[in-house]
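**Q** Sending over a structure as structure tokens; questions will come in a sec.
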Amino acid sequence: MLNGLLLLAEAVLYFGAMVTLFRFRRRIGLGVFVCAMGVMHFLETYLASVFYVALPFGIVSPGSAVLFSGKLVMLLLLYMKEDAATVRQPIYGLLLGNALMIGLVLILRLHAIAPLPDGRVPDIAFIDKMGWLMVWGTSLLFVDAILMILLYEKLGAYLRKVPFARILASVACVLTFDQVGFFLALHFVAGAPIEVFFGGWFAKLAAALAYSSMLVAYLRWAEDHETALPRGLSDVFDTLTYRERYEALVKHVGRDGLTGLLHRGSFDADGAAAVATAIRTAKPLSLLIVDVDHFKSINDRFGHAEGDKVLKSLAAVLTETVGSSNQVFRIGGEEFAILLPATAFAGETAW
């Protein structure tokens, strides 16, 4: 009885924590939710290989019954509220990350290992077993997710108005398929007895029932009602993000969108200010006007995209030539102006 209540408490804790991260994904980013799922992947596999408890209907691992079942439901939630392209990101990430772990372990085995002062040495064999189980489990997860999404969509034609039954049927069927596949790996790698299969299967069906109930309640009472995270709970990263956006906005205000030069409005304001400063300080001020001859023929012959490249290149040349202390403006289609404070007029120049 106690073990069953503890498993239920673990499921409620897992679901509550994960949907909280998912609920505030617009504020803190979806990556937080995905990373939390990835961290739990190791614990899930470890528990599934060595940690079991006895229930009236068999032997059960919290890693498989609680954590894996919960992860599958989280992927379904991700698909329902985001899209399939988003769902594949954590799945591919887990699969490639596990493959990377196996590759690193193969290289680590070549080290001449120095024992610790108390004589302990790393258990590479355990890491090998964990690594292969994680790769197999994630490969199954890839198939599970596809089957679950396809089944969920197929059942939509019959159970669209009964979301609980639709979710429960999708999750329960896929968990049954997964239990067969993962038990085979546990049996050959860790020597798991047949009791583990039946106990785990019943436990996963119970988990499907519990998670489906919680998911429907979450969708009805939380996800479909938008709430804003209180501004006072924003963390330092949120503050830095707004600061970066503000500085980027300030940097580009008054700039031409194509060339990045100051635009005509800035020229009118800055030009008047520069003239006023030159009069007040009695220092020279020069103005260069640059007009690209026959620019229309470039657009007509090569297209506007090539014409834009010419304008960008010219803007870069002008900026580099006059230096950062002077101001370069785009005041028309192919017309540019350059303000040269403290520079005396030296005659007309043709470029």
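Identifiers for the structure tokens are assigned positionally: chains receive A, B, ... in sequence, residues are indexed from 1 per chain, and ligands are indexed from 1 in the order shown.
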Using only C-alpha atoms, which residues sit within 12 Å of segment 114-131 of chain A once same-chain residues fewer than 3 positions away are excluded, as a PDB file with C-alpha atoms, in the first residue's frame?
**A**
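result_1.pdb, written as the output of this step:
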ATOM      1  CA  HIS A  41      16.316  10.710 -18.545  1.00  0.00           C
ATOM      2  CA  PHE A  42      19.414   9.434 -16.730  1.00  0.00           C
ATOM      3  CA  LEU A  43      17.597   8.883 -13.433  1.00  0.00           C
ATOM      4  CA  GLU A  44      14.791   7.164 -15.300  1.00  0.00           C
ATOM      5  CA  THR A  45      17.164   4.674 -16.946  1.00  0.00           C
ATOM      6  CA  TYR A  46      19.174   4.083 -13.772  1.00  0.00           C
ATOM      7  CA  LEU A  47      16.068   3.312 -11.731  1.00  0.00           C
ATOM      8  CA  ALA A  48      14.668   1.089 -14.485  1.00  0.00           C
ATOM      9  CA  SER A  49      17.828  -1.035 -14.377  1.00  0.00           C
ATOM     10  CA  VAL A  50      18.407  -1.439 -10.603  1.00  0.00           C
ATOM     11  CA  LEU A  94      18.448  12.472 -26.186  1.00  0.00           C
ATOM     12  CA  LEU A  95      19.294   9.970 -28.908  1.00  0.00           C
ATOM     13  CA  LEU A  96      22.395  11.802 -30.125  1.00  0.00           C
ATOM     14  CA  GLY A  97      23.479  12.623 -26.573  1.00  0.00           C
ATOM     15  CA  ASN A  98      23.326   8.947 -25.606  1.00  0.00           C
ATOM     16  CA  ALA A  99      25.279   7.976 -28.712  1.00  0.00           C
ATOM     17  CA  LEU A 100      27.902  10.566 -27.796  1.00  0.00           C
ATOM     18  CA  MET A 101      28.114   9.107 -24.287  1.00  0.00           C
ATOM     19  CA  ILE A 102      28.766   5.635 -25.699  1.00  0.00           C
ATOM     20  CA  GLY A 103      31.499   7.001 -27.959  1.00  0.00           C
ATOM     21  CA  LEU A 104      33.214   8.832 -25.106  1.00  0.00           C
ATOM     22  CA  VAL A 105      33.049   5.766 -22.859  1.00  0.00           C
ATOM     23  CA  LEU A 106      34.733   3.673 -25.560  1.00  0.00           C
ATOM     24  CA  ILE A 107      37.613   6.160 -25.564  1.00  0.00           C
ATOM     25  CA  LEU A 108      37.671   6.475 -21.755  1.00  0.00           C
ATOM     26  CA  ARG A 109      38.252   2.746 -21.492  1.00  0.00           C
ATOM     27  CA  LEU A 110      41.676   3.270 -23.109  1.00  0.00           C
ATOM     28  CA  HIS A 111      42.927   5.432 -20.215  1.00  0.00           C
ATOM     29  CA  MET A 134      19.730   4.597 -22.559  1.00  0.00           C
ATOM     30  CA  VAL A 135      20.382   4.287 -26.301  1.00  0.00           C
ATOM     31  CA  TRP A 136      17.879   1.441 -26.576  1.00  0.00           C
ATOM     32  CA  GLY A 137      15.337   3.277 -24.453  1.00  0.00           C
ATOM     33  CA  THR A 138      15.667   6.456 -26.493  1.00  0.00           C
ATOM     34  CA  ALA A 185      16.583  -5.189 -23.146  1.00  0.00           C
ATOM     35  CA  LEU A 186      16.324  -5.384 -19.355  1.00  0.00           C
ATOM     36  CA  PHE A 188      19.155  -9.677 -21.613  1.00  0.00           C
ATOM     37  CA  VAL A 189      21.272  -6.860 -20.139  1.00  0.00           C
ATOM     38  CA  ALA A 190      20.219  -6.798 -16.481  1.00  0.00           C
ATOM     39  CA  GLY A 191      18.595 -10.229 -16.098  1.00  0.00           C
TER      40      GLY A 191
END
**Q** Per residue of segment 44-83 of chain A within 9 Å of segment 157-172 of chain A, note the shortest atom pair and the distance in Å to one decimal, counting only C-alpha atoms, and order the rows by chain and increasing residue number, as a tab-separated table.
**A**
residue	atom	partner	partner_atom	distance
A:Ser69	CA	A:Val171	CA	8.2
A:Leu72	CA	A:Val171	CA	7.6
A:Val73	CA	A:Val171	CA	7.1
A:Leu76	CA	A:Ile167	CA	8.6
**Q** Which residues are close to Gly254 of chain A, i.e. within 7 Å by only C-alpha atoms, leaving aside same-chain residues fewer than 6 positions away? Reply as a list in words.
**A**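 Contacts, with the query itself left out: Leu262, His263 and Ser266 of chain A.
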**Q** Among segment 81-219 of chain A, which ones does DSSP assign to helix (DSSP H, G or I) (computed from the backbone)? Answer as number ranges by chain.
**A** A: 81, 84-108, 124-159, 163-190, 194-219
**Q** So which one's closest to Thr259 of chain A, A:Gly333, A:Leu219, A:Gly271, A:Phe295? Using only C-alpha atoms, please.
**A**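 Once distances to Thr259 of chain A are computed over only C-alpha atoms, the minimum belongs to A:Gly333.
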**Q** Under the rule that only C-alpha atoms are counted, which of A:Ile146, A:Phe24, A:Gly70, A:Leu55 is the nearest residue to Ala84 of chain A?
**A**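 Using only C-alpha atoms, the shortest distance to Ala84 of chain A belongs to A:Ile146.
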